[in-house]
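Trainee: Supplied structure: protein.tsv, TSV, C-alpha atoms.
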```tsv
chain	number	residue	atom	x	y	z
A	1	ASN	CA	-18.65	6.05	-8.02
A	2	ALA	CA	-15.64	4.47	-9.75
A	3	GLY	CA	-12.94	5.49	-7.20
A	4	VAL	CA	-9.47	4.78	-8.61
A	5	THR	CA	-9.31	3.24	-12.06
A	6	GLN	CA	-6.16	1.85	-13.64
A	7	THR	CA	-5.70	1.19	-17.35
A	8	PRO	CA	-4.70	-1.34	-18.64
A	9	LYS	CA	-5.15	-4.28	-16.27
A	10	PHE	CA	-2.62	-6.50	-18.03
A	11	ARG	CA	0.21	-5.83	-20.45
A	12	VAL	CA	3.10	-7.74	-21.94
A	13	LEU	CA	6.05	-5.78	-23.33
A	14	LYS	CA	9.28	-6.68	-25.02
A	15	THR	CA	12.52	-5.30	-23.62
A	16	GLY	CA	13.06	-1.77	-24.87
A	17	GLN	CA	9.43	-1.00	-25.63
A	18	SER	CA	7.69	1.95	-24.03
A	19	MET	CA	4.27	2.28	-22.47
A	20	THR	CA	2.14	4.49	-20.27
A	21	LEU	CA	-0.05	3.39	-17.39
A	22	LEU	CA	-3.05	5.58	-16.67
A	23	CYS	CA	-4.53	6.21	-13.26
A	24	ALA	CA	-7.78	8.14	-12.95
A	25	GLN	CA	-9.61	9.10	-9.75
A	26	ASP	CA	-13.01	10.74	-9.44
A	27	MET	CA	-12.80	11.73	-5.75
A	28	ASN	CA	-11.12	15.11	-6.24
A	29	HIS	CA	-8.07	13.91	-4.33
A	30	GLU	CA	-4.96	16.07	-4.22
A	31	TYR	CA	-2.42	13.33	-3.58
A	32	MET	CA	-1.70	10.49	-5.98
A	33	TYR	CA	0.89	7.71	-5.80
A	34	TRP	CA	2.37	4.96	-7.93
A	35	TYR	CA	3.61	1.80	-6.19
A	36	ARG	CA	5.05	-1.43	-7.48
A	37	GLN	CA	4.46	-4.73	-5.72
A	38	ASP	CA	6.94	-7.56	-5.97
A	39	PRO	CA	6.89	-10.92	-4.15
A	40	GLY	CA	8.59	-10.73	-0.78
A	41	MET	CA	9.18	-7.00	-1.08
A	42	GLY	CA	5.79	-5.48	-0.33
A	43	LEU	CA	4.87	-2.20	-1.97
A	44	ARG	CA	7.52	0.31	-2.92
A	45	LEU	CA	6.79	3.90	-3.85
A	46	ILE	CA	7.88	4.88	-7.37
A	47	HIS	CA	6.66	8.49	-7.71
A	48	TYR	CA	3.98	10.60	-6.15
A	49	SER	CA	2.19	13.89	-6.61
A	50	VAL	CA	0.82	16.32	-4.03
A	51	GLY	CA	-1.28	18.25	-6.52
A	52	GLU	CA	-1.92	19.06	-10.15
A	53	GLY	CA	1.29	19.90	-11.97
A	54	THR	CA	3.57	18.49	-9.24
A	55	THR	CA	5.54	15.25	-9.07
A	56	ALA	CA	8.21	13.87	-6.76
A	57	LYS	CA	10.44	10.81	-6.58
A	58	GLY	CA	9.73	7.95	-4.28
A	59	GLU	CA	11.87	5.03	-3.20
A	60	VAL	CA	12.43	3.38	-6.61
A	61	PRO	CA	12.04	6.06	-9.34
A	62	ASP	CA	14.73	4.94	-11.80
A	63	GLY	CA	13.41	3.91	-15.21
A	64	TYR	CA	10.04	5.60	-14.70
A	65	ASN	CA	8.58	9.02	-15.43
A	66	VAL	CA	5.28	10.53	-14.35
A	67	SER	CA	3.02	13.42	-15.18
A	68	ARG	CA	0.06	15.05	-13.44
A	69	LEU	CA	-1.32	17.48	-16.01
A	70	LYS	CA	-4.86	17.11	-14.69
A	71	LYS	CA	-5.83	16.69	-11.07
A	72	GLN	CA	-7.76	13.51	-11.72
A	73	ASN	CA	-5.07	11.73	-13.75
A	74	PHE	CA	-1.61	10.44	-12.86
A	75	LEU	CA	0.38	8.81	-15.66
A	76	LEU	CA	3.31	6.43	-15.18
A	77	GLY	CA	5.64	5.99	-18.14
A	78	LEU	CA	8.27	3.43	-18.96
A	79	GLU	CA	10.50	4.77	-21.73
A	80	SER	CA	12.53	1.60	-22.31
A	81	ALA	CA	11.12	-1.38	-20.46
A	82	ALA	CA	13.43	-3.87	-18.77
A	83	PRO	CA	12.68	-7.34	-17.35
A	84	SER	CA	13.34	-5.93	-13.86
A	85	GLN	CA	10.22	-3.83	-14.31
A	86	THR	CA	8.01	-6.91	-14.41
A	87	SER	CA	5.70	-6.26	-11.49
A	88	VAL	CA	2.20	-5.39	-10.37
A	89	TYR	CA	1.67	-1.64	-10.36
A	90	PHE	CA	-0.80	0.06	-8.06
A	91	CYS	CA	-2.03	3.60	-8.16
A	92	ALA	CA	-3.45	5.21	-5.03
A	93	SER	CA	-4.92	8.55	-4.06
A	94	SER	CA	-5.84	10.45	-0.91
A	95	THR	CA	-7.25	13.80	0.09
A	96	THR	CA	-4.54	15.26	2.28
A	97	GLY	CA	-1.72	12.73	2.25
A	98	ALA	CA	-1.17	9.16	3.42
A	99	THR	CA	-0.49	10.19	7.02
A	100	ASN	CA	-3.81	11.82	7.70
A	101	GLU	CA	-6.11	10.06	5.33
A	102	LYS	CA	-6.39	6.54	4.05
A	103	LEU	CA	-5.16	5.68	0.62
A	104	PHE	CA	-7.66	4.52	-1.99
A	105	PHE	CA	-6.08	1.94	-4.28
A	106	GLY	CA	-6.83	0.87	-7.80
A	107	SER	CA	-7.05	-2.82	-8.65
A	108	GLY	CA	-3.59	-2.95	-10.20
A	109	THR	CA	-1.84	-3.48	-13.53
A	110	GLN	CA	0.07	-6.71	-14.13
A	111	LEU	CA	3.05	-5.89	-16.34
A	112	SER	CA	5.38	-8.49	-17.81
A	113	VAL	CA	8.53	-7.48	-19.67
A	114	LEU	CA	10.07	-10.25	-21.77
B	1	ALA	CA	14.59	6.46	8.19
B	2	GLN	CA	11.29	4.79	8.82
B	3	SER	CA	10.77	1.07	8.28
B	4	VAL	CA	8.56	-1.81	9.30
B	5	THR	CA	9.30	-5.48	9.73
B	6	GLN	CA	6.58	-8.07	9.49
B	7	LEU	CA	7.49	-11.36	11.13
B	8	GLY	CA	6.24	-14.34	9.17
B	9	SER	CA	5.44	-14.12	5.48
B	10	HIS	CA	2.78	-16.83	5.85
B	11	VAL	CA	0.46	-17.50	8.78
B	12	SER	CA	-2.13	-20.28	8.89
B	13	VAL	CA	-4.92	-20.53	11.47
B	14	SER	CA	-8.05	-22.58	11.90
B	15	GLU	CA	-11.43	-20.97	11.50
B	16	GLY	CA	-12.46	-19.57	14.89
B	17	ALA	CA	-8.88	-19.34	16.17
B	18	LEU	CA	-7.05	-16.20	17.23
B	19	VAL	CA	-5.33	-14.26	14.48
B	20	LEU	CA	-2.02	-12.57	15.41
B	21	LEU	CA	0.05	-10.81	12.74
B	22	ARG	CA	3.24	-9.21	13.94
B	23	CYS	CA	4.68	-5.83	12.97
B	24	ASN	CA	7.64	-3.97	14.42
B	25	TYR	CA	8.59	-0.49	13.32
B	26	SER	CA	11.58	1.78	13.30
B	27	SER	CA	11.10	5.51	13.36
B	28	SER	CA	13.09	8.48	14.58
B	29	VAL	CA	9.97	10.39	15.55
B	30	PRO	CA	6.56	9.32	16.87
B	31	PRO	CA	5.17	7.24	14.01
B	32	TYR	CA	1.83	6.93	12.37
B	33	LEU	CA	1.07	3.23	11.87
B	34	PHE	CA	-1.33	1.47	9.56
B	35	TRP	CA	-2.60	-1.96	8.62
B	36	TYR	CA	-3.86	-2.54	5.10
B	37	VAL	CA	-5.45	-5.70	3.70
B	38	GLN	CA	-5.29	-6.99	0.13
B	39	TYR	CA	-7.80	-9.53	-1.09
B	40	PRO	CA	-6.93	-11.57	-4.20
B	41	ASN	CA	-6.74	-9.53	-7.39
B	42	GLN	CA	-7.66	-6.30	-5.61
B	43	GLY	CA	-5.93	-3.19	-4.39
B	44	LEU	CA	-5.20	-2.53	-0.73
B	45	GLN	CA	-7.84	-1.37	1.75
B	46	LEU	CA	-7.23	0.35	5.06
B	47	LEU	CA	-8.02	-1.83	8.10
B	48	LEU	CA	-7.01	0.58	10.83
B	49	LYS	CA	-4.53	3.28	11.73
B	50	TYR	CA	-2.84	4.76	14.77
B	51	THR	CA	-1.88	8.42	14.81
B	52	THR	CA	-2.15	9.73	18.35
B	53	GLY	CA	-4.22	9.08	21.46
B	54	ALA	CA	-5.56	5.68	22.48
B	55	THR	CA	-3.00	2.98	21.83
B	56	LEU	CA	-5.59	0.27	21.16
B	57	VAL	CA	-7.08	0.88	17.77
B	58	LYS	CA	-10.15	-0.88	16.44
B	59	GLY	CA	-10.64	-1.36	12.74
B	60	ILE	CA	-13.03	-2.93	10.31
B	61	ASN	CA	-14.07	-6.59	10.24
B	62	GLY	CA	-13.28	-7.13	13.94
B	63	PHE	CA	-9.56	-6.43	13.73
B	64	GLU	CA	-7.65	-4.39	16.24
B	65	ALA	CA	-4.04	-3.42	16.89
B	66	GLU	CA	-2.16	-2.07	19.85
B	67	PHE	CA	0.64	0.48	19.64
B	68	LYS	CA	3.38	-0.41	22.12
B	69	LYS	CA	6.11	2.19	22.10
B	70	SER	CA	8.36	0.30	24.50
B	71	GLU	CA	8.34	-2.72	22.17
B	72	THR	CA	8.17	-0.68	18.93
B	73	SER	CA	5.34	-2.96	17.88
B	74	PHE	CA	1.92	-2.66	16.26
B	75	HIS	CA	0.61	-6.21	16.10
B	76	LEU	CA	-2.74	-6.97	14.45
B	77	THR	CA	-5.20	-9.30	16.16
B	78	LYS	CA	-8.67	-10.74	15.71
B	79	PRO	CA	-10.24	-13.01	18.32
B	80	SER	CA	-11.90	-15.43	15.91
B	81	ALA	CA	-10.81	-16.00	12.31
B	82	HIS	CA	-13.33	-16.30	9.49
B	83	MET	CA	-12.71	-17.88	6.12
B	84	SER	CA	-13.24	-14.46	4.56
B	85	ASP	CA	-10.18	-13.14	6.42
B	86	ALA	CA	-7.86	-15.02	4.09
B	87	ALA	CA	-5.82	-12.28	2.43
B	88	GLU	CA	-2.46	-10.54	2.52
B	89	TYR	CA	-1.90	-8.01	5.27
B	90	PHE	CA	0.53	-5.13	5.15
B	91	CYS	CA	1.82	-3.04	8.01
B	92	ALA	CA	2.93	0.48	7.11
B	93	VAL	CA	4.57	3.45	8.82
B	94	SER	CA	4.60	7.13	8.04
B	95	GLU	CA	6.32	10.13	9.50
B	96	LYS	CA	5.21	13.70	9.02
B	97	SER	CA	8.74	14.51	7.99
B	98	SER	CA	8.60	11.94	5.20
B	99	GLY	CA	6.26	14.08	3.16
B	100	ASP	CA	3.23	11.95	3.84
B	101	LYS	CA	4.72	8.85	2.26
B	102	LEU	CA	3.94	5.40	3.57
B	103	THR	CA	6.60	2.74	3.92
B	104	PHE	CA	5.09	-0.72	3.68
B	105	GLY	CA	6.26	-3.98	5.15
B	106	THR	CA	6.75	-7.07	3.03
B	107	GLY	CA	3.33	-8.47	3.88
B	108	THR	CA	1.92	-11.52	5.67
B	109	ARG	CA	-0.34	-13.91	3.84
B	110	LEU	CA	-3.05	-15.27	6.13
B	111	ALA	CA	-4.62	-18.63	5.35
B	112	VAL	CA	-7.70	-19.81	7.25
B	113	ARG	CA	-8.31	-23.57	7.49
B	114	PRO	CA	-11.86	-24.90	7.74
```
Do you think you could lay out the structure here as structure tokens?

Mentor:
Amino acid sequence: NAGVTQTPKFRVLKTGQSMTLLCAQDMNHEYMYWYRQDPGMGLRLIHYSVGEGTTAKGEVPDGYNVSRLKKQNFLLGLESAAPSQTSVYFCASSTTGATNEKLFFGSGTQLSVL
Amino acid sequence: AQSVTQLGSHVSVSEGALVLLRCNYSSSVPPYLFWYVQYPNQGLQLLLKYTTGATLVKGINGFEAEFKKSETSFHLTKPSAHMSDAAEYFCAVSEKSSGDKLTFGTGTRLAVRP
């Protein structure tokens, strides 16, 4: 049982490059989330999805796009990376939402933008 | 808007000593409160949560937290620290009206001295 898997684990980009982070979960969860974690700022919600084909903005959505074409996958895209997007990115999923059920987290993606 | 404040970004205790990590929340409606733990190079794991009912909540690994509405607090405690408790701890709050989104605090890093 893999749980929540994030790909890649590490990535270095140059300013202006694009990339996609993949999150896959095998627990048949409806809800999926993308967070970024920065020192002294905790986790901040970027985008989330309450089901296949749906997405919504979180607290810090600017500069990111997401897609949930399949229930098990939630993709986070950076169209033109900026140094301010250097961070650790976490994907999470839950059955019925973070209020009622615990979030299952992936192990994170360390992204550096030079 | 919901928010949480964690007092103390770093806490250091001796092995066997009491662990006390502080969390105060702000919410316009009765909140749901959570503590998550993050071990090095891993994603977050749920320690415990308060939704309704008993205000003293017991979690995994001997941790517990008490919801005190009058003090708007949800402090995390453990009677006797183990070396394996060294990690970063995040308090989080959610409101039903927020669309099942969690708002995390900035985290407290717990060090345990031999």

Trainee: Between A:Gly97, A:Pro83, A:Pro61, A:Gly77, single out the one closest to A:Arg44, counting only C-alpha atoms.

Mentor: A:Pro61

Trainee: I'd like to know which of A:Leu114, A:Ala56, A:Met41, A:Val88 is closest to chain B, using all atoms listed in the file.

Mentor: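 Nearest candidate to chain B out of A:Leu114, A:Ala56, A:Met41, A:Val88: A:Met41.
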
Trainee: Counting only C-alpha atoms, figure out which residue out of B:Pro40, B:Pro114, B:Gly62, B:Gly16 gets nearest to chain A.

Mentor: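 Checking each of B:Pro40, B:Pro114, B:Gly62, B:Gly16 against chain A, counting only C-alpha atoms, the winner is B:Pro40.
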
Trainee: So how many Å separate atom CA of A:Glu79 and atom CA of A:Tyr48, to one decimal?

Mentor: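 Interatomic distance here is 17.9 Å.
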
Trainee: Please report as a tab-separated table every residue of chain B lying within 12 Å of chain A, along with the nearest atom pair and their distance in Å (one decimal), using all atoms listed in the file.

Mentor:
```
residue	atom	partner	partner_atom	distance
B:Ala1	CA	A:Glu59	CA	11.8
B:Ser3	CA	A:Arg44	CA	11.7
B:Val4	CA	A:Gly42	CA	10.7
B:Thr5	CA	A:Gly42	CA	10.7
B:Gln6	CA	A:Gly42	CA	10.2
B:Leu7	CA	A:Gly40	CA	12.0
B:Gly8	CA	A:Gly40	CA	10.8
B:Ser9	CA	A:Gly40	CA	7.8
B:His10	CA	A:Gly40	CA	10.7
B:Pro31	CA	A:Thr99	CA	9.5
B:Tyr32	CA	A:Thr99	CA	6.7
B:Leu33	CA	A:Thr99	CA	8.6
B:Phe34	CA	A:Lys102	CA	9.0
B:Trp35	CA	A:Lys102	CA	10.4
B:Tyr36	CA	A:Leu103	CA	9.5
B:Val37	CA	A:Phe105	CA	11.1
B:Gln38	CA	A:Ser107	CA	9.9
B:Tyr39	CA	A:Ser107	CA	10.1
B:Pro40	CA	A:Ser107	CA	9.8
B:Asn41	CA	A:Ser107	CA	6.8
B:Gln42	CA	A:Ser107	CA	4.7
B:Gly43	CA	A:Ser107	CA	4.4
B:Leu44	CA	A:Phe105	CA	5.8
B:Gln45	CA	A:Phe104	CA	7.0
B:Leu46	CA	A:Lys102	CA	6.3
B:Leu47	CA	A:Lys102	CA	9.4
B:Leu48	CA	A:Lys102	CA	9.0
B:Lys49	CA	A:Lys102	CA	8.5
B:Tyr50	CA	A:Thr99	CA	9.8
B:Thr51	CA	A:Thr99	CA	8.1
B:Thr52	CA	A:Asn100	CA	11.0
B:Glu88	CA	A:Gly42	CA	10.1
B:Tyr89	CA	A:Gly42	CA	9.8
B:Phe90	CA	A:Gly42	CA	7.6
B:Cys91	CA	A:Gly42	CA	9.6
B:Ala92	CA	A:Leu43	CA	9.7
B:Val93	CA	A:Thr99	CA	8.6
B:Ser94	CA	A:Thr99	CA	6.0
B:Glu95	CA	A:Thr99	CA	7.2
B:Lys96	CA	A:Thr99	CA	7.0
B:Ser97	CA	A:Thr99	CA	10.2
B:Ser98	CA	A:Thr99	CA	9.4
B:Gly99	CA	A:Gly97	CA	8.1
B:Asp100	CA	A:Thr99	CA	5.2
B:Lys101	CA	A:Ala98	CA	6.0
B:Leu102	CA	A:Ala98	CA	6.3
B:Thr103	CA	A:Arg44	CA	7.3
B:Phe104	CA	A:Leu43	CA	5.8
B:Gly105	CA	A:Gly42	CA	5.7
B:Thr106	CA	A:Gly42	CA	3.8
B:Gly107	CA	A:Gly42	CA	5.7
B:Thr108	CA	A:Gly40	CA	9.3
B:Arg109	CA	A:Gly40	CA	10.5
```

Trainee: Excluding A:Ser84 and its own-chain neighbours fewer than 5 positions away, which residues fall within 12 Å of it when counting only C-alpha atoms? Please give them as a ChimeraX atom specification.

Mentor: /A:13-16,36,38,60,62-63,78,111-114

Trainee: Mind pulling up the distance from atom CA of B:Gly59 to atom CA of A:Thr5?

Mentor: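 Spanning atom CA of A:Thr5 to atom CA of B:Gly59 is a straight-line distance of 25.3 Å.
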
Trainee: Expressed in Å to a single decimal, how great is the separation between atom CA of B:Gly53 and atom CA of B:Leu76?

Mentor: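 One can read the atom CA of B:Gly53 to atom CA of B:Leu76 distance as 17.6 Å.
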
Trainee: Pick out the closest residue to B:Arg22 from this set: B:Ala65, B:Ala81, B:Ala87, B:Ala111. Count only C-alpha atoms.

Mentor: B:Ala65

Trainee: Compare B:Val11, B:Val19, B:Val112, B:Ile60 by their minimum atom-to-atom distance to B:Thr77, counting all atoms listed in the file, and give me the closest one.

Mentor: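 Closest to B:Thr77, using all atoms listed in the file: B:Val19.
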
Trainee: Residues at most 7 Å from A:Gly53, counting all atoms listed in the file, excluding those fewer than 2 positions away in the same chain, as a compact mmCIF listing (two decimals) with C-alpha atoms, in the frame of the given file?

Mentor:
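Everything below was put into out.txt:
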```txt
# COMPACT_ATOMS: atom_id res chain seq x y z
CA GLY A 51 -1.28 18.25 -6.52
CA THR A 55 5.54 15.25 -9.07
CA ARG A 68 0.06 15.05 -13.44
CA LEU A 69 -1.32 17.48 -16.01
```
